[in-house]
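Scroll down for the structure; my scribbles are underneath it.
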Amino acid sequence: MTVLYKADPVRGAQWSALFAQRAPDVPFRVWPDIGDPALIRYLVAWHPGDLVQTLPNLEAVFSVGAGVDQLDLASVPAHLPVVRMIEPGIVEGMLEYVSEAVLAIHRDLFDYALAQQARAWKPLPLTPASARRVGVLGLGMLGVAVLERLRIFGFDCAGWSRSAHTLEGVRCYAGADEFETFLARTDVLICLLPLTDATRGLLARRVFDALPTGASLVHVGRGPQLVADDLLDALARGQLRSAVLDVTDPEPLPPDHPLWTQPRVRITPHIASATRPDTAVDSLLDNLRRHCAGEPMIGLIDRQLGY
Ligand code: GLV
C-alpha cells in the first residue's frame with residue numbers, strides 16, 4: 001500500500017524520514033520518483049494535477065493542508081474519498097495566530113503603533129475581554145478550537161456556521177437566517193470558512209456594514225473570500241477599525257496593492273498555520289489504519305459541499 005507524496009519537496013523529505021521511522025512497513029515515495037504507478041494506493045498532495053488519472057489503483061486522495069479548494073475535485077474520480085488534513089500541528093499554529101491577532105485588536109495595538117510613529121503617549125481606556133464580542137465564521141475543527149482558546153481570555157464568544165452547532169460557552173448561530181444577527185453582535189470577526197462558491201466574495205460591504213461600527217476583521221480563511229476594495233472602503237469610512245489578513249487574492253499580494261500601505265491593515269504571507277510533518281504523519285497513519293479497517297476517516301470531505 002504505497003503512499004505517494006506530491007507537494008513541497010523539502011517537506012516531502014521530512015515526511016519520508018518520519019514514515020521510515022514510524023511506519024517502516026509502509027512504502028512512501030516522493031513525486032516524481034513514483035516507481036510502479038500500479039502500487040500507489042494513497043496520494044498525499046497539494047496540487048495533484050493529472051497525477052490522479054495515472055494511478056489505476058488509487059484508494060484515497062489526501063490534501064496536505066487543511067483546505068481542499070486548491071484541488072480540482074472534478075478531476076478526482078467520484079469513487080475516491082478526498083480527505084483534508086486535520087492534525088494537531090495545524091490547530092496549534094492557528095490558535096497562536098488568531099489569539100495574537102484578537103489580543104492585538106482587543107488591546108488597541110494598531111492605535112498604539114500609530115501613536116508610536118507620532119511619538120504620542122496616549123493611553124486609551126481599557127475594555128475588559130468580557131465586553132469584547134468575538135465571532136468566528138466557520139465551526140469546523142479550527143473554528144471550534146479557536147473559540148475554546150478565546151474563551152480562556154474571557155471574550156464574549158459566538159460562532160456561525162451553515163449548520164447548527166452546540167458549543168459550551170459559545171453562542172452558536174446557523175444558516176442564512178441567523179447570519180445578520182451574528183454579525184450585529186460581533187466586534188472582532190474571524191473568518192475560518194472554507195473557500196466554496198458560497199463563500200467566495202462573502203467578506204464584502206454587506207457583511208462589513210452589518211457589523212457594529214468600529215469592528216475589526218481577522219481573515220485566516222482564503223483570499224478570494226475578501227473583496228479588498230470593500231474592506232478599504234469600510235476602513236476609510238470608519239465602519240471597520242482594523243484588519244489582520246493572513247490570506248489575500250492574489251497571493252503573493254502584488255507590491256503596488258493598496259492594502260500594503262494601510263496603517264490599520266496588518267498583512268502576513270499566509271503563515272497563520274501550516275501542516276507540521278511531525279504531527280501530520282501520525283494523523284495520516286491513523287487515517288490509513290481507519291481506511292483499511294473500513295472506519296470513517298477523519299477529515300473526509302463532502303464533495304457536494306466542497307469541504
Ligand atoms: C493552509 O492554508 C492549509 O490549507 O493548510
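Identifiers in the C-alpha cells: chain A, B, ... in order shown; residue index from 1 per chain; ligand index from 1 in order shown.
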
Do you know which residues are within 9 Å of ligand 1 using only C-alpha atoms and all ligand atoms? Can you write them as a count of residues only?
-> 24

If you count only C-alpha atoms, which residues fall within 10 Å of Val102 in chain A, apart from same-chain ones fewer than 5 positions away, as a list in words?
-> Tyr97, Arg107, Asp108, Arg132, Val134, Leu150, Phe155, Val188, Leu189, Ile190, Ser216, Leu217, Val218 and Val244 of chain A

Could you give me, as a list in words, the residues within 6 Å of range 175-183 of chain A, counting only C-alpha atoms and dropping anything in the same chain fewer than 3 positions from it?
-> Arg162, Thr186, Ala210 and Leu211 of chain A

Contacts of Leu202 in chain A at 12 Å (only C-alpha atoms; same-chain gap of 2+ positions) as an NGL selection string = :A and (137 or 179 or 191 or 193-200 or 204-208 or 219 or 221-228 or 230-231)

Check range 28-232 of chain A with DSSP on the backbone and list each residue it calls strand (DSSP E), as a ChimeraX atom specification.
-> /A:28-30,40-45,60-63,82-83,133-137,156-161,171-174,188-191,215-219

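Put simply, CA of Val170 in chain A is 10.8 Å away from CA of Arg133 in chain A.
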
One-decimal distance in Å that lies between CA of Leu232 in chain A and CA of Ser130 in chain A | 28.7 Å

Once DSSP has gone over the backbone, tell me which residues of range 83-283 of chain A are in alpha helix (DSSP H), as a PyMOL selection string.
-> chain A and resi 88-106+109-117+141-152+179-184+205-210+228-236+277-283

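With CA of Arg185 in chain A on one side and CA of Ala145 in chain A on the other, the separation reads 20.5 Å.
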
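The closest residue to Ala60 in chain A, picked from A:Pro255, A:Arg241, A:Leu43, A:Ala74 and counting only C-alpha atoms, is A:Leu43.
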
Show which residues sit within 12 Å of Thr54 in chain A, as JSON, numbers by chain. Count only C-alpha atoms, and ignore same-chain residues fewer than 5 positions away.
-> {"A": [34, 36, 37, 38, 39, 40, 41, 43, 48, 49, 75, 76, 77]}

Selection: 10 Å around Leu147 in chain A, only C-alpha atoms, excl. self and same-chain fewer than 5 positions, as JSON, numbers by chain = {"A": [95, 98, 99, 134, 135, 136, 139, 142, 152, 155, 156, 157, 158, 159, 167, 168, 169, 170, 190]}

Skipping near chain neighbours, those fewer than 4 positions away, what residues fall within 9 Å of Leu284 in chain A using only C-alpha atoms, listed as a PyMOL selection string?
-> chain A and resi 62+85-87+280+288-289

Those residues you just picked out, can you put them in a file as a tab-separated table (two decimals), in the first residue's frame with N, CA and C atoms?
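Here's the written file again-v3.tsv:
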chain	number	residue	atom	x	y	z
A	62	PHE	N	-5.44	12.59	-0.27
A	62	PHE	CA	-5.34	13.41	0.94
A	62	PHE	C	-4.76	14.77	0.58
A	85	MET	N	-6.52	17.74	5.69
A	85	MET	CA	-5.58	17.48	6.77
A	85	MET	C	-6.10	18.05	8.09
A	86	ILE	N	-6.35	17.15	9.01
A	86	ILE	CA	-6.74	17.58	10.35
A	86	ILE	C	-5.69	17.00	11.28
A	87	GLU	N	-4.85	17.86	11.79
A	87	GLU	CA	-3.76	17.35	12.62
A	87	GLU	C	-3.39	18.41	13.66
A	280	ALA	N	1.59	15.58	11.54
A	280	ALA	CA	0.66	15.18	10.47
A	280	ALA	C	0.85	13.72	10.07
A	288	LEU	N	-4.99	6.03	7.49
A	288	LEU	CA	-4.74	4.83	6.67
A	288	LEU	C	-5.25	3.58	7.40
A	289	ARG	N	-5.00	3.57	8.71
A	289	ARG	CA	-5.48	2.44	9.51
A	289	ARG	C	-7.02	2.38	9.46

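Among the candidates A:Ala293, A:Val10, A:Leu18, A:Val44, the residue lying nearest to Val83 in chain A is A:Val44 (atoms considered: only C-alpha atoms).
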
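The closest residue to Lys6 in chain A, picked from A:Leu51, A:Leu103, A:Ile267, A:Ala20 and counting only C-alpha atoms, is A:Leu51.
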